[in-house]
Amino acid sequence: MSGEVIAVDHKSLATKIAERVREDSRLTGKLTSMEVFYERPYSLKPEETEDVLRLLIEAEEHKDINILRDTDAGKVYFYASPYICEAYAKNLLLAERNNPYVLIAETVREESRMYPRPTCSMLFQLPPYELNLDDLPFFLEEIRKREDMQDIKWFKASTDVLYLYSERYMSLEHAKGLAEWVEVEQFENQ
Amino acid sequence: MSVYGWSGKILRVDLSTGRIWTENTLEKYKDYLGATGIGYKVMWDEVPVGVKAFDPENRIIFGGGPLIGSGSPCGGRVAITSLFPTSYPVELIGSGHMGGHWGAELKFAGWDAVIIQGKAANPVWLSIMDDKVEIRDARQLWGSGIYRATAEICAEMGAEAQVAAIGQAGENLVRMACVMTGNSHSAGGIGGVMGSKNLKAIGVRGTGSVKIKADKKEWKELVNYVLSLAGSNNQWVVPSTPQPWAEFHASNSRWTARKGLFWGAANPPVETGTCDPRDMNSIGYRCQKAVFDLGPIAEQFTVRMDGCHSCPIRCHMQISVPTAEKYGVSRYAANTCIGWWGRGVIKTYPDGARGMTALEGAVVGKHMTDDYGVWCNYGQINRDFQYAYEKGILKKVLSEKEYKSIPFDLYEKGSPEFIKDFVRRIAFREGEFGYALGEGSARVAERWGFEEDYYGYSYNIWNRKLGYPKHHSTENGGQVGALINSQYNRDAQCHSHVNFYACGLPLEIQKRLAADVFGSGDAIDAYRNYTPMNVYKAKFAKWSLIRKELHDSLPLCNWMFPWIVSPLKERGYKGDTTIEAKLYSAVTGDKKSEAELDLVAERIFNLHRALTIRGMGTKDMRKEHDLVPDWAYDYPKDAKPFTAGHDKMDREDMQKAFDMFYKECGWDVATGAPTKETYQKLGLGFVADELGKLGLLP
């Protein structure tokens, strides 16, 4: 994309934004920040934002474009379906907030509740989390201290791999049994 | 009259007399579809009680069914049915199953099945070049491995020929022998039957095709529809890592493709990518099976993924491991899943189960077992050996000279060199060690006096009488897996339940989809958190079994089908359990609904049951055959059934499970034997008549 400014009406700008979001979602699997569009070549003005967003939301041809708002940080993000699904986008947003404690706790709770299963710590080095596993002991120490994260527990499987679970949704015995299945026993049951 | 799907002909060969003749498939076997269905019917009609696996009167039936060679997705498998040599004390009905391209080639040659009987005076191989069938002298091949036999036959028949062959193990009547095609697709357990008939191999070259009733457009649309619902191997419908398109993921999924994962030894390396399920051109990249089976280290040695005829899934891997050559084997190896069992001869590798030495062990093991043609009884042969070694039994049962001749130091060091020695001894029945381990688990346990701990959880034996191990038993569905594992005379080769149970979706979705098929979400429990038995689990177990027989007879790969689930969010992840009926109807023109086809499959399943009853000479299947091992109730020691974290079952509840399952099947609850009415309902009145005369009806 050159530094040339796209001088267009709001409808055309909405289309250009949609095209960029689709491209980002397809190629990078990441959210596109609204801030990108305040820069060249889009040069969206803050006062135009709501109007352009409305056009994006209402246009039938852009119904694949989804908007995520981080109200705490006052940020807006976009992603395009089906390249990025809602669940993944939610985790991308959690990662964007740069709060690894919440990211870990929310992910562990969701997995314990939904599948149900314990969460392998190795997961957090992968996209969309992309945490440095060397920092995990520090994160866990913080989680251990947090009043609102007392349900998050962890243990090591027989392979020495760390697993986390939320005791709100599953017991230690269940979590251990499932971790052992994944780490060891599934390979004996092909 | 045109015949669609089937070729319409079955090849019959009597090796005792040299007679070769033809039977009409549809006149005699249409009600049994093909493959195992035909196999069971032949065994019922032609092999009387008292015949043993290695007797000339035994039959061995090779075949696919109406879908093989048609291009039906995942429709390339072959069943080989016979009396199973390892079953004990009576050799009962069983089938080995192999993939590859042999079955499709047989159909292209114009044959639905090959039925072999008798025993040749000298070693022979069977040459099938379309209609031209010859019994050929195999004395020059006898004593050679499968690789050489395959190469020699292909040299004669042409590079396009497909060969099903036995190695030295089958020749030497090792019960633990297999048949192999394409040098890496094996059918377990029945290699010795071929050997007993002095039949080294069957080479096939076909230049014909399979007629499909549906018009081209209809057929293409159907195939595309089926592909649109495909997951990865075992119908995992979520990827193993979080991916932008995927709402769900599971680290143990066989959908291993992701950005940054490669077929690393391809030139240039091929990235699997993220494989959005709507992109049907990337289905073959979803399953990078080498990293799943052999660990992350295998990525750099993966040349490509491979598979059976007409299969988009490609679960069969081709690897190149240069350092394996130091053990005197080729670096190039192909196989999948338990096909890599040779590495498991070694219990502990110096750098771990997924390290480099284990990978080399996989290559060494593959070449030894696939060339000699030794079978593993779903890995049990390794556990049998390890038990006997660890418990000091080998020191007692082997002579001092023989014991000292076995390089246990290599075993202790975790050297793949030991695998070569181990497999050779079994293939050639060398000494007491090779002979006994090659006899199969039930026989070796009795012969060497294995004690009660052998039947504990650690050694996997499911049916101690018949000597087969668990295979997706309580660990895959609690009571459902247990019921399934109780029904066969070998390890249960049933994946119908696994393909749903282990699909990777959240429990809530699985329960919703289970309700569609079985009437209630209670048919399925969370992994390792089982609930007491209910009728929906009984329905699930019965459905899994009859679908397995359906898949083996059509054929469709039971390592993929049936599809209760799909990877498509827009369908609520719903699969389509009518795919089998749709494909069958489109290919053959014989329009059958899902229920109608299930009824055919139920006939086949009940014929297997009747063969087992007649073979065992008892109708009391409940007490004599349908066993659940004590460890299923006793392990883990301190756990209580129906609490989370384990697979422990409850004895009383399991009896209730059998009651419900038998009722669902229309079997007598007291004995587990099909009733006369059930046989009649299924078109097996002639079976009921014979069993009635033998006093084997409930």
# chains A, B, ... in the order shown; residues from 1 in each chain; ligands from 1
>>> closest_atom_pairs(of="chain A", to="chain B", cutoff="6 Å", atoms="only C-alpha atoms", output="JSON lines")
{"residue": "A:Gly29", "atom": "CA", "partner": "B:Pro244", "partner_atom": "CA", "distance": 5.5}
{"residue": "A:Tyr83", "atom": "CA", "partner": "B:Trp245", "partner_atom": "CA", "distance": 5.1}
{"residue": "A:Ile84", "atom": "CA", "partner": "B:Pro244", "partner_atom": "CA", "distance": 4.4}
{"residue": "A:Cys85", "atom": "CA", "partner": "B:Trp245", "partner_atom": "CA", "distance": 5.2}
{"residue": "A:Ala87", "atom": "CA", "partner": "B:Glu247", "partner_atom": "CA", "distance": 5.4}
{"residue": "A:Tyr88", "atom": "CA", "partner": "B:Pro244", "partner_atom": "CA", "distance": 5.6}
{"residue": "A:Met114", "atom": "CA", "partner": "B:Pro506", "partner_atom": "CA", "distance": 5.6}
{"residue": "A:Tyr115", "atom": "CA", "partner": "B:Pro506", "partner_atom": "CA", "distance": 4.0}
{"residue": "A:Glu173", "atom": "CA", "partner": "B:Gly645", "partner_atom": "CA", "distance": 4.9}
{"residue": "A:His174", "atom": "CA", "partner": "B:Gly645", "partner_atom": "CA", "distance": 3.6}
{"residue": "A:Gly177", "atom": "CA", "partner": "B:Gly645", "partner_atom": "CA", "distance": 4.3}
{"residue": "A:Gln190", "atom": "CA", "partner": "B:Cys337", "partner_atom": "CA", "distance": 5.9}
>>> residues_around(residues="stretch 655-662 of chain B", least_positions_apart="2", cutoff="9 Å", atoms="only C-alpha atoms", output="mmCIF file with N, CA and C atoms, in the first residue's frame")
data_model
loop_
_atom_site.group_PDB
_atom_site.id
_atom_site.type_symbol
_atom_site.label_atom_id
_atom_site.label_comp_id
_atom_site.auth_asym_id
_atom_site.auth_seq_id
_atom_site.Cartn_x
_atom_site.Cartn_y
_atom_site.Cartn_z
ATOM 1 N N GLN B 479 -19.224 -47.692 28.694
ATOM 2 C CA GLN B 479 -19.965 -48.920 28.403
ATOM 3 C C GLN B 479 -20.066 -49.175 26.901
ATOM 4 N N VAL B 480 -20.161 -48.113 26.116
ATOM 5 C CA VAL B 480 -20.282 -48.281 24.654
ATOM 6 C C VAL B 480 -19.038 -48.984 24.108
ATOM 7 N N LEU B 483 -18.979 -52.699 25.302
ATOM 8 C CA LEU B 483 -19.884 -53.577 24.536
ATOM 9 C C LEU B 483 -19.272 -53.899 23.168
ATOM 10 N N PRO B 532 -24.036 -43.738 34.595
ATOM 11 C CA PRO B 532 -24.563 -45.099 34.498
ATOM 12 C C PRO B 532 -25.194 -45.384 33.141
ATOM 13 N N MET B 533 -25.340 -46.669 32.881
ATOM 14 C CA MET B 533 -25.850 -47.133 31.587
ATOM 15 C C MET B 533 -27.255 -46.613 31.331
ATOM 16 N N ASN B 534 -27.530 -46.372 30.072
ATOM 17 C CA ASN B 534 -28.892 -46.043 29.649
ATOM 18 C C ASN B 534 -29.124 -46.627 28.261
ATOM 19 N N VAL B 535 -30.362 -46.607 27.847
ATOM 20 C CA VAL B 535 -30.734 -47.278 26.601
ATOM 21 C C VAL B 535 -30.113 -46.595 25.382
ATOM 22 N N LYS B 537 -27.114 -45.389 25.129
ATOM 23 C CA LYS B 537 -25.768 -45.935 24.945
ATOM 24 C C LYS B 537 -25.851 -47.300 24.261
ATOM 25 N N ALA B 538 -26.865 -48.061 24.617
ATOM 26 C CA ALA B 538 -27.044 -49.367 23.963
ATOM 27 C C ALA B 538 -27.317 -49.180 22.474
ATOM 28 N N LYS B 539 -28.119 -48.176 22.158
ATOM 29 C CA LYS B 539 -28.393 -47.876 20.741
ATOM 30 C C LYS B 539 -27.098 -47.445 20.040
ATOM 31 N N ALA B 541 -24.042 -48.265 20.819
ATOM 32 C CA ALA B 541 -23.152 -49.433 20.634
ATOM 33 C C ALA B 541 -23.626 -50.287 19.462
ATOM 34 N N LYS B 542 -24.923 -50.562 19.414
ATOM 35 C CA LYS B 542 -25.440 -51.392 18.321
ATOM 36 C C LYS B 542 -25.195 -50.698 16.978
ATOM 37 N N ARG B 622 -23.222 -64.765 26.407
ATOM 38 C CA ARG B 622 -23.083 -63.837 27.545
ATOM 39 C C ARG B 622 -21.998 -64.310 28.511
ATOM 40 N N ASP B 626 -18.846 -62.911 25.513
ATOM 41 C CA ASP B 626 -18.902 -61.441 25.633
ATOM 42 C C ASP B 626 -18.275 -60.981 26.948
ATOM 43 N N ASP B 650 -18.618 -50.272 36.430
ATOM 44 C CA ASP B 650 -19.255 -50.928 37.568
ATOM 45 C C ASP B 650 -19.831 -52.268 37.094
ATOM 46 N N ARG B 651 -19.564 -53.338 37.846
ATOM 47 C CA ARG B 651 -19.971 -54.675 37.393
ATOM 48 C C ARG B 651 -21.489 -54.778 37.178
ATOM 49 N N GLU B 652 -22.232 -54.320 38.136
ATOM 50 C CA GLU B 652 -23.693 -54.423 38.041
ATOM 51 C C GLU B 652 -24.218 -53.587 36.867
ATOM 52 N N ASP B 653 -23.669 -52.407 36.750
ATOM 53 C CA ASP B 653 -24.086 -51.516 35.659
ATOM 54 C C ASP B 653 -23.757 -52.142 34.302
ATOM 55 N N GLU B 664 -31.732 -54.359 22.405
ATOM 56 C CA GLU B 664 -31.658 -53.525 21.193
ATOM 57 C C GLU B 664 -31.376 -54.365 19.961
ATOM 58 N N CYS B 665 -30.554 -55.398 20.146
ATOM 59 C CA CYS B 665 -30.166 -56.245 19.013
ATOM 60 C C CYS B 665 -31.219 -57.302 18.691
ATOM 61 N N GLY B 666 -32.204 -57.451 19.546
ATOM 62 C CA GLY B 666 -33.186 -58.515 19.350
ATOM 63 C C GLY B 666 -32.598 -59.865 19.730
ATOM 64 N N TRP B 667 -31.747 -59.866 20.707
ATOM 65 C CA TRP B 667 -31.110 -61.090 21.166
ATOM 66 C C TRP B 667 -31.697 -61.495 22.521
ATOM 67 N N ASP B 668 -31.569 -62.754 22.808
ATOM 68 C CA ASP B 668 -32.029 -63.272 24.086
ATOM 69 C C ASP B 668 -31.162 -62.672 25.197
ATOM 70 N N VAL B 669 -31.821 -62.089 26.184
ATOM 71 C CA VAL B 669 -31.066 -61.378 27.217
ATOM 72 C C VAL B 669 -30.253 -62.338 28.087
ATOM 73 N N ALA B 670 -30.787 -63.531 28.306
ATOM 74 C CA ALA B 670 -30.088 -64.474 29.194
ATOM 75 C C ALA B 670 -28.797 -64.982 28.561
ATOM 76 N N THR B 671 -28.820 -65.211 27.252
ATOM 77 C CA THR B 671 -27.655 -65.836 26.608
ATOM 78 C C THR B 671 -26.890 -64.907 25.670
ATOM 79 N N GLY B 672 -27.524 -63.846 25.237
ATOM 80 C CA GLY B 672 -26.890 -62.985 24.236
ATOM 81 C C GLY B 672 -26.893 -63.596 22.852
ATOM 82 N N ALA B 673 -27.718 -64.584 22.644
ATOM 83 C CA ALA B 673 -27.819 -65.217 21.317
ATOM 84 C C ALA B 673 -29.012 -64.625 20.572
ATOM 85 N N PRO B 674 -28.864 -64.363 19.279
ATOM 86 C CA PRO B 674 -30.010 -63.877 18.500
ATOM 87 C C PRO B 674 -31.164 -64.882 18.557
#
>>> residues_around(residues="stretch 157-166 of chain A", least_positions_apart="3", cutoff="9 Å", atoms="only C-alpha atoms", output="count of residues only")
29
>>> residues_around(residues="stretch 118-132 of chain B", least_positions_apart="2", cutoff="8 Å", atoms="only C-alpha atoms", output="ChimeraX atom specification")
/B:14-18,55-59,108-110,116,134-139,142,157,196-208
>>> write_last_selection(atoms="C-alpha atoms", output="compact mmCIF listing (two decimals), in the first residue's frame")
# COMPACT_ATOMS: atom_id res chain seq x y z
CA ASP B 14 -9.47 -74.54 -5.50
CA LEU B 15 -5.76 -74.89 -5.00
CA SER B 16 -6.03 -78.62 -4.29
CA THR B 17 -7.42 -79.40 -7.73
CA GLY B 18 -6.28 -76.37 -9.66
CA ASP B 55 -7.00 -76.92 7.07
CA PRO B 56 -7.43 -77.04 3.28
CA GLU B 57 -11.20 -76.97 3.81
CA ASN B 58 -10.98 -73.51 5.28
CA ARG B 59 -11.75 -70.64 2.92
CA PHE B 108 -10.94 -53.13 -12.42
CA ALA B 109 -10.01 -56.69 -13.36
CA GLY B 110 -13.70 -57.55 -13.18
CA ILE B 116 -9.62 -69.51 -2.17
CA GLU B 134 -3.59 -68.51 -13.59
CA ILE B 135 -2.15 -70.47 -10.73
CA ARG B 136 1.58 -69.86 -11.06
CA ASP B 137 4.57 -71.62 -9.61
CA ALA B 138 5.92 -69.69 -6.62
CA ARG B 139 8.75 -71.95 -5.59
CA TRP B 142 8.90 -69.08 -1.36
CA MET B 157 2.62 -58.42 -14.43
CA SER B 196 -1.32 -73.09 4.87
CA LYS B 197 -2.63 -73.16 1.32
CA ASN B 198 0.86 -72.74 -0.13
CA LEU B 199 -0.36 -69.46 -1.59
CA LYS B 200 2.38 -66.85 -1.60
CA ALA B 201 0.56 -63.99 -3.24
CA ILE B 202 -2.27 -62.75 -5.41
CA GLY B 203 -1.21 -60.35 -8.13
CA VAL B 204 -3.91 -58.33 -9.85
CA ARG B 205 -3.95 -56.18 -12.94
CA GLY B 206 -7.22 -54.76 -14.18
CA THR B 207 -7.91 -52.61 -17.18
CA GLY B 208 -11.65 -52.21 -16.74
>>> residues_around(residues="B:Ala177", least_positions_apart="3", cutoff="10 Å", atoms="only C-alpha atoms", output="ChimeraX atom specification")
/B:85-86,166-174,180,186-195,369-370,372-377,426-427,438-440
>>> write_last_selection(atoms="N, CA and C atoms", output="mmCIF file, in the first residue's frame")
data_model
loop_
_atom_site.group_PDB
_atom_site.id
_atom_site.type_symbol
_atom_site.label_atom_id
_atom_site.label_comp_id
_atom_site.auth_asym_id
_atom_site.auth_seq_id
_atom_site.Cartn_x
_atom_site.Cartn_y
_atom_site.Cartn_z
ATOM 1 N N PRO B 85 -6.585 -67.525 12.878
ATOM 2 C CA PRO B 85 -5.663 -68.477 13.506
ATOM 3 C C PRO B 85 -5.364 -68.212 14.970
ATOM 4 N N THR B 86 -5.430 -66.968 15.410
ATOM 5 C CA THR B 86 -5.049 -66.691 16.798
ATOM 6 C C THR B 86 -6.181 -66.907 17.781
ATOM 7 N N ILE B 166 2.240 -62.719 1.339
ATOM 8 C CA ILE B 166 2.705 -63.048 2.691
ATOM 9 C C ILE B 166 4.224 -63.123 2.681
ATOM 10 N N GLY B 167 4.798 -62.964 3.871
ATOM 11 C CA GLY B 167 6.237 -63.120 4.018
ATOM 12 C C GLY B 167 6.555 -64.482 4.614
ATOM 13 N N GLN B 168 7.747 -64.575 5.173
ATOM 14 C CA GLN B 168 8.166 -65.858 5.733
ATOM 15 C C GLN B 168 7.272 -66.279 6.901
ATOM 16 N N ALA B 169 6.728 -65.300 7.632
ATOM 17 C CA ALA B 169 5.873 -65.650 8.769
ATOM 18 C C ALA B 169 4.648 -66.433 8.310
ATOM 19 N N GLY B 170 4.007 -65.965 7.265
ATOM 20 C CA GLY B 170 2.838 -66.678 6.744
ATOM 21 C C GLY B 170 3.213 -68.037 6.199
ATOM 22 N N GLU B 171 4.311 -68.096 5.499
ATOM 23 C CA GLU B 171 4.771 -69.384 4.946
ATOM 24 C C GLU B 171 4.992 -70.397 6.062
ATOM 25 N N ASN B 172 5.555 -69.918 7.158
ATOM 26 C CA ASN B 172 5.917 -70.811 8.265
ATOM 27 C C ASN B 172 4.759 -71.081 9.221
ATOM 28 N N LEU B 173 3.553 -70.689 8.803
ATOM 29 C CA LEU B 173 2.331 -70.919 9.590
ATOM 30 C C LEU B 173 2.394 -70.281 10.978
ATOM 31 N N VAL B 174 3.041 -69.154 11.034
ATOM 32 C CA VAL B 174 2.995 -68.360 12.259
ATOM 33 C C VAL B 174 1.567 -67.814 12.371
ATOM 34 N N MET B 180 0.053 -58.495 3.204
ATOM 35 C CA MET B 180 0.491 -57.121 2.970
ATOM 36 C C MET B 180 0.277 -56.749 1.510
ATOM 37 N N SER B 186 -1.319 -53.504 5.686
ATOM 38 C CA SER B 186 -1.395 -54.884 6.167
ATOM 39 C C SER B 186 -2.787 -55.265 6.615
ATOM 40 N N ALA B 187 -3.085 -56.540 6.419
ATOM 41 C CA ALA B 187 -4.304 -57.132 6.959
ATOM 42 C C ALA B 187 -3.847 -58.158 7.979
ATOM 43 N N GLY B 188 -4.157 -57.904 9.233
ATOM 44 C CA GLY B 188 -3.584 -58.693 10.316
ATOM 45 C C GLY B 188 -4.214 -60.053 10.501
ATOM 46 N N GLY B 189 -3.384 -60.993 10.919
ATOM 47 C CA GLY B 189 -3.879 -62.236 11.484
ATOM 48 C C GLY B 189 -4.101 -63.389 10.543
ATOM 49 N N ILE B 190 -4.231 -63.127 9.234
ATOM 50 C CA ILE B 190 -4.632 -64.227 8.371
ATOM 51 C C ILE B 190 -3.541 -64.641 7.373
ATOM 52 N N GLY B 191 -2.314 -64.136 7.590
ATOM 53 C CA GLY B 191 -1.218 -64.520 6.694
ATOM 54 C C GLY B 191 -0.945 -66.016 6.724
ATOM 55 N N GLY B 192 -1.078 -66.614 7.895
ATOM 56 C CA GLY B 192 -0.832 -68.054 8.017
ATOM 57 C C GLY B 192 -1.830 -68.883 7.232
ATOM 58 N N VAL B 193 -3.036 -68.364 7.045
ATOM 59 C CA VAL B 193 -4.037 -69.107 6.262
ATOM 60 C C VAL B 193 -3.570 -69.209 4.810
ATOM 61 N N MET B 194 -3.052 -68.121 4.286
ATOM 62 C CA MET B 194 -2.483 -68.182 2.929
ATOM 63 C C MET B 194 -1.323 -69.167 2.890
ATOM 64 N N GLY B 195 -0.478 -69.092 3.912
ATOM 65 C CA GLY B 195 0.665 -70.000 3.958
ATOM 66 C C GLY B 195 0.231 -71.451 3.996
ATOM 67 N N THR B 369 8.706 -55.974 10.091
ATOM 68 C CA THR B 369 7.378 -56.578 10.209
ATOM 69 C C THR B 369 6.665 -56.639 8.861
ATOM 70 N N ASP B 370 6.882 -55.634 8.023
ATOM 71 C CA ASP B 370 6.172 -55.608 6.740
ATOM 72 C C ASP B 370 6.829 -56.504 5.696
ATOM 73 N N TYR B 372 8.786 -59.453 6.609
ATOM 74 C CA TYR B 372 8.554 -60.813 7.111
ATOM 75 C C TYR B 372 7.056 -61.113 7.211
ATOM 76 N N GLY B 373 6.263 -60.086 7.288
ATOM 77 C CA GLY B 373 4.815 -60.277 7.392
ATOM 78 C C GLY B 373 4.359 -60.769 8.748
ATOM 79 N N VAL B 374 4.853 -60.132 9.794
ATOM 80 C CA VAL B 374 4.459 -60.507 11.160
ATOM 81 C C VAL B 374 3.395 -59.540 11.651
ATOM 82 N N TRP B 375 2.399 -60.069 12.318
ATOM 83 C CA TRP B 375 1.293 -59.272 12.847
ATOM 84 C C TRP B 375 1.527 -59.014 14.327
ATOM 85 N N CYS B 376 0.849 -57.979 14.860
ATOM 86 C CA CYS B 376 1.120 -57.580 16.245
ATOM 87 C C CYS B 376 -0.046 -57.791 17.201
ATOM 88 N N ASN B 377 -1.213 -58.183 16.697
ATOM 89 C CA ASN B 377 -2.390 -58.306 17.577
ATOM 90 C C ASN B 377 -2.621 -56.992 18.317
ATOM 91 N N ILE B 426 10.448 -64.634 15.347
ATOM 92 C CA ILE B 426 9.023 -64.978 15.237
ATOM 93 C C ILE B 426 8.685 -65.436 13.824
ATOM 94 N N ALA B 427 9.183 -64.722 12.833
ATOM 95 C CA ALA B 427 8.846 -65.067 11.444
ATOM 96 C C ALA B 427 9.318 -66.475 11.083
ATOM 97 N N GLY B 438 4.832 -66.262 18.387
ATOM 98 C CA GLY B 438 4.126 -66.267 17.109
ATOM 99 C C GLY B 438 2.801 -67.003 17.158
ATOM 100 N N GLU B 439 2.539 -67.680 18.255
ATOM 101 C CA GLU B 439 1.278 -68.411 18.387
ATOM 102 C C GLU B 439 0.110 -67.515 18.780
ATOM 103 N N GLY B 440 0.412 -66.330 19.252
ATOM 104 C CA GLY B 440 -0.662 -65.438 19.673
ATOM 105 C C GLY B 440 -0.810 -65.428 21.182
#
>>> residues_around(residues="stretch 309-323 of chain B", least_positions_apart="4", cutoff="7 Å", atoms="only C-alpha atoms", output="number ranges by chain")
B: 71-76, 100-101, 104, 232-233, 283-284, 287, 289-290, 301-305, 331-336
>>> write_last_selection(atoms="C-alpha atoms", output="mmCIF file, in the first residue's frame")
data_model
loop_
_atom_site.group_PDB
_atom_site.id
_atom_site.type_symbol
_atom_site.label_atom_id
_atom_site.label_comp_id
_atom_site.auth_asym_id
_atom_site.auth_seq_id
_atom_site.Cartn_x
_atom_site.Cartn_y
_atom_site.Cartn_z
ATOM 1 C CA GLY B 71 -14.288 -43.254 -6.602
ATOM 2 C CA SER B 72 -16.383 -43.126 -3.450
ATOM 3 C CA PRO B 73 -14.332 -41.121 -0.952
ATOM 4 C CA CYS B 74 -12.547 -43.389 1.523
ATOM 5 C CA GLY B 75 -13.786 -46.424 -0.399
ATOM 6 C CA GLY B 76 -10.537 -48.294 -0.950
ATOM 7 C CA GLY B 100 -3.948 -49.668 -0.503
ATOM 8 C CA HIS B 101 -5.022 -50.192 -4.099
ATOM 9 C CA ALA B 104 -9.797 -51.393 -6.573
ATOM 10 C CA SER B 232 -9.361 -35.381 9.165
ATOM 11 C CA ASN B 233 -8.359 -38.951 10.039
ATOM 12 C CA ILE B 283 -8.209 -31.901 2.543
ATOM 13 C CA GLY B 284 -5.112 -33.977 1.856
ATOM 14 C CA CYS B 287 -3.549 -34.854 8.466
ATOM 15 C CA LYS B 289 0.176 -37.930 10.468
ATOM 16 C CA ALA B 290 3.912 -38.317 10.931
ATOM 17 C CA PHE B 301 11.628 -36.469 7.728
ATOM 18 C CA THR B 302 8.170 -36.371 6.146
ATOM 19 C CA VAL B 303 8.252 -36.658 2.378
ATOM 20 C CA ARG B 304 4.513 -36.601 1.871
ATOM 21 C CA MET B 305 1.259 -38.086 3.008
ATOM 22 C CA ARG B 331 15.648 -44.943 4.991
ATOM 23 C CA TYR B 332 12.319 -44.859 3.174
ATOM 24 C CA ALA B 333 9.314 -46.089 5.085
ATOM 25 C CA ALA B 334 5.552 -45.786 4.875
ATOM 26 C CA ASN B 335 2.792 -46.736 7.256
ATOM 27 C CA THR B 336 0.283 -45.348 9.741
#
>>> select_by_dssp(residues="stretch 63-171 of chain A", states="strand (DSSP E)", output="PyMOL selection string")
chain A and resi 65-70+75-80+119-120+152-156+162-166
>>> select_by_dssp(residues="chain A", states="alpha helix (DSSP H)", output="PyMOL selection string")
chain A and resi 10-28+49-58+86-96+100-114+136-145+172-183
>>> residues_around(residues="stretch 557-560 of chain B", least_positions_apart="4", cutoff="9 Å", atoms="only C-alpha atoms", output="list in words")
Pro73, Cys74, Gly75, Gly76, Arg77, Gly99, Ala230, Gly231, Ser232, Asn233, Asn234, Gln235, Trp236, Cys311, Ile313, Gln493, Cys494, His495, Ser496, Val498, Asn499, Arg547, Lys548, Glu549, Leu550, His551 and Asp552 of chain B
>>> atom_distance(atom1="atom CA of B:Tyr4", atom2="atom CA of B:Val210")
7.1 Å
>>> atom_distance(atom1="atom CA of B:Pro567", atom2="atom CA of A:Arg20")
27.3 Å
